[in-house]
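Worksheet: one structure, shown below.
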Amino acid sequence: MIIAEQKPLDEILAAIGDAKKILVLGCGACVTICFAGGAKEVGILASQIRIASSKAGKDVEVTEDTIERQCENEFFDRVKEKAAEADVVLSIACGVGVQTIIEVFPEKIVFAGLNTTFYGRPKEPGLFTEYCEGCGSCILNATGGICPIARCSKSLLNGPCGGSENGKCEVDPLNIECAWHLIHERLKSIGRLDLMEQVSPPKDWSTSSSGGVRRIVREDLREVKL
Ligand code: SF4
Ligand code: SF4
C-alpha cells in the first residue's frame, strides 16, 4: 500500500493561511491503514487547526469528512456540498488523492496535509517499511520474491556490494537489512541458489518513472458495452 505521514502542523497552518472555512478530508484506504489520513487523523488534525486558529485569534470554521477513496471520482459525490461551502480543502490522502480533488472540484483551492513516501507495509506496530518502487517491470521471480530495487540501498541487481556484513546494510547497519543477504537466504531456503549465479542484464528503466509519465491502457475495459 501507499505509505504516507502527516506534514508538520506548522507547515499545514502556513499553507492554509487566512482561509476561513476549511474542509479536512481523509481517505479510507491506504492512509487509514498507515494511520496518516483516516477518520481518526482527520478528527485530530481538525481539532489542532481549531485550537491553533483560536490561539491566533482567528475565526475559522473547520468541517471534517473521510471518503472511501480519494483516488476515484465516484466517492466525492457525498462530500460535494461540504466542499462547495469550504474556502479550501485540506486533503490528508496520498498525492494521488490530492490531485484527484483538483480534477473533481477544479474551482477549489486544495492543500496536501501529508507527505507521500513509498509503497510498503506495516512490518510491526509503528514501523512501516518500503518494499516496492513501482519500477514497471518486476524482477521478483528472479530474486526469491525480495526486491533489490526498493530494499537494497544501492538498488544493485547482481548480488551484494562489499558493505554487506552480518546481514546488515552498510548504509545503516542498525536499521537496514541487506537485501541481497535476504535474497541469498530466501533462495537457499527454496533450493534456488542457482538464481544467484544468473547475471541480470542492465535493467530497462523506461518502464519506471525515469521513462516519463506512465499509464496503462486496458482496451478490454475501454470498450463500450452495448
Ligand atoms: S522489481 Fe520493481 S515492481 Fe517488482 S517489487 Fe521491485 S520495484 Fe516493485
Ligand atoms: S549492503 Fe546490501 S543492501 Fe546495502 S547497499 Fe550493499 S548490497 Fe545493498
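Chain identifiers are assigned as A, B, and so on, following the order in which chains appear in the C-alpha cells; residues are numbered from 1 within each chain, and ligands are numbered from 1 in order of appearance.
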Query raised in the report: Please, which residues have at least one atom within 7 Å of an atom of ligand 1, using only C-alpha atoms and all ligand atoms, listed as a PyMOL selection string?
Result: chain A and resi 131-140+147-150
Hey, which residues sit close to ligand 2? Say within 7 Å, counting only C-alpha atoms and all ligand atoms, and write them as an mmCIF file with C-alpha atoms, in the first residue's frame.
```cif
data_model
loop_
_atom_site.group_PDB
_atom_site.id
_atom_site.type_symbol
_atom_site.label_atom_id
_atom_site.label_comp_id
_atom_site.auth_asym_id
_atom_site.auth_seq_id
_atom_site.Cartn_x
_atom_site.Cartn_y
_atom_site.Cartn_z
ATOM 1 C CA ARG A 151 15.229 -2.837 -0.479
ATOM 2 C CA CYS A 152 18.909 -2.640 -1.466
ATOM 3 C CA SER A 153 20.198 0.842 -0.631
ATOM 4 C CA LYS A 154 22.081 0.897 -3.939
ATOM 5 C CA SER A 155 19.402 -0.941 -5.970
ATOM 6 C CA LEU A 156 22.014 -3.473 -7.038
ATOM 7 C CA GLY A 159 24.426 -9.501 -5.706
ATOM 8 C CA PRO A 160 25.678 -7.535 -2.732
ATOM 9 C CA CYS A 161 28.255 -4.825 -2.578
ATOM 10 C CA GLY A 162 31.268 -5.083 -0.273
ATOM 11 C CA GLY A 163 29.410 -3.373 2.547
ATOM 12 C CA SER A 164 27.124 -6.247 3.461
ATOM 13 C CA GLU A 165 28.049 -7.510 6.923
ATOM 14 C CA LYS A 168 23.074 -5.720 7.558
ATOM 15 C CA CYS A 169 23.494 -2.911 5.055
ATOM 16 C CA GLU A 170 26.463 -0.593 5.424
ATOM 17 C CA VAL A 171 24.240 2.426 4.837
ATOM 18 C CA GLU A 177 18.811 -5.417 6.400
ATOM 19 C CA CYS A 178 20.995 -6.193 3.396
ATOM 20 C CA ALA A 179 18.519 -7.051 0.667
ATOM 21 C CA TRP A 180 20.997 -9.323 -1.064
ATOM 22 C CA HIS A 181 21.609 -11.228 2.167
#
```
Requested in this report: Counting only C-alpha atoms, figure out which residue out of A:Phe118, A:Ile109, A:Arg186, A:Asn166 gets nearest to Gly145 in chain A.
Outcome: A:Arg186
Requested in this report: Could you please write out, as a ChimeraX atom specification, every residue of range 1-73 of chain A that DSSP assigns to alpha helix (DSSP H)?
Outcome: /A:9-16,30-33,39-55
Just C-alpha atoms for this one: save the residues we selected as a CSV table (one decimal), in the first residue's frame.
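Wrote it out as again-v2.csv, contents follow:
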```
chain,number,residue,atom,x,y,z
A,9,LEU,CA,1.4,21.2,11.8
A,10,ASP,CA,3.2,24.5,11.2
A,11,GLU,CA,3.6,23.7,7.5
A,12,ILE,CA,-0.1,22.8,7.2
A,13,LEU,CA,-1.1,26.0,9.0
A,14,ALA,CA,1.1,28.1,6.8
A,15,ALA,CA,-0.4,26.6,3.7
A,16,ILE,CA,-4.0,27.2,4.9
A,30,CYS,CA,-4.0,3.1,2.4
A,31,VAL,CA,-3.6,6.2,4.6
A,32,THR,CA,-6.1,4.9,7.0
A,33,ILE,CA,-4.2,1.7,7.4
A,39,ALA,CA,-11.2,9.4,10.0
A,40,LYS,CA,-9.3,9.4,13.3
A,41,GLU,CA,-6.4,11.5,11.9
A,42,VAL,CA,-9.0,13.9,10.3
A,43,GLY,CA,-10.6,14.5,13.8
A,44,ILE,CA,-7.2,15.1,15.4
A,45,LEU,CA,-6.0,17.4,12.7
A,46,ALA,CA,-9.2,19.4,12.6
A,47,SER,CA,-9.0,19.9,16.4
A,48,GLN,CA,-5.4,21.0,16.1
A,49,ILE,CA,-6.4,23.6,13.5
A,50,ARG,CA,-9.2,24.8,15.6
A,51,ILE,CA,-7.0,25.2,18.6
A,52,ALA,CA,-4.2,26.9,16.7
A,53,SER,CA,-6.7,29.3,15.0
A,54,SER,CA,-8.3,30.1,18.3
A,55,LYS,CA,-4.9,30.9,19.9
```
Query raised in the report: Can you tell me, as an MDAnalysis selection string, what residues are no more than 8 Å from range 125-128 of chain A when counting only C-alpha atoms, ignoring any on the same chain fewer than 4 positions away?
Result: chainID A and resid 3 34 120:121
Residues at most 12 Å from Gly37 in chain A, counting only C-alpha atoms, excluding those fewer than 4 positions away in the same chain, as a short mmCIF file (atom, residue, chain, number, x, y, z; two decimals) with C-alpha atoms, in the first residue's frame?
```cif
data_model
loop_
_atom_site.label_atom_id
_atom_site.label_comp_id
_atom_site.auth_asym_id
_atom_site.auth_seq_id
_atom_site.Cartn_x
_atom_site.Cartn_y
_atom_site.Cartn_z
CA ILE A 2 0.96 3.64 -0.21
CA ILE A 3 2.65 4.85 2.97
CA ALA A 4 2.42 8.50 3.98
CA GLU A 5 2.89 10.63 7.06
CA GLN A 6 1.42 13.90 8.18
CA LYS A 7 3.23 17.12 7.41
CA VAL A 24 -10.32 18.44 6.29
CA LEU A 25 -10.82 15.41 4.07
CA GLY A 26 -9.48 11.97 4.83
CA CYS A 27 -9.25 8.79 2.77
CA GLY A 28 -10.44 5.38 3.93
CA ALA A 29 -7.83 3.34 2.07
CA CYS A 30 -4.02 3.13 2.40
CA VAL A 31 -3.56 6.21 4.57
CA THR A 32 -6.13 4.93 7.05
CA ILE A 33 -4.17 1.70 7.41
CA GLU A 41 -6.45 11.54 11.95
CA VAL A 42 -9.00 13.88 10.34
CA GLY A 43 -10.55 14.45 13.76
CA ILE A 44 -7.19 15.10 15.43
CA LEU A 45 -5.95 17.44 12.71
CA ALA A 46 -9.24 19.35 12.61
CA GLU A 64 -14.45 17.08 8.63
CA ASP A 65 -15.14 14.06 6.48
CA THR A 66 -13.50 10.89 5.22
CA ILE A 67 -14.44 9.24 1.95
CA GLU A 68 -13.81 5.67 0.92
CA ARG A 69 -11.05 6.52 -1.56
CA GLN A 70 -9.75 9.87 -2.77
CA LEU A 90 -7.14 20.12 3.14
CA SER A 91 -6.59 16.58 1.90
CA ILE A 92 -4.88 14.03 4.08
CA ALA A 93 -4.76 11.40 1.33
CA CYS A 94 -1.73 10.50 -0.76
CA GLY A 95 -0.59 12.75 -3.60
CA GLY A 97 -5.89 11.82 -3.82
CA VAL A 98 -4.91 15.50 -3.66
CA ALA A 112 -1.84 18.48 0.86
CA GLY A 113 -1.63 17.59 4.54
CA LEU A 114 0.57 14.53 4.04
CA ASN A 115 3.96 13.66 2.66
CA THR A 116 3.52 10.60 0.45
#
```
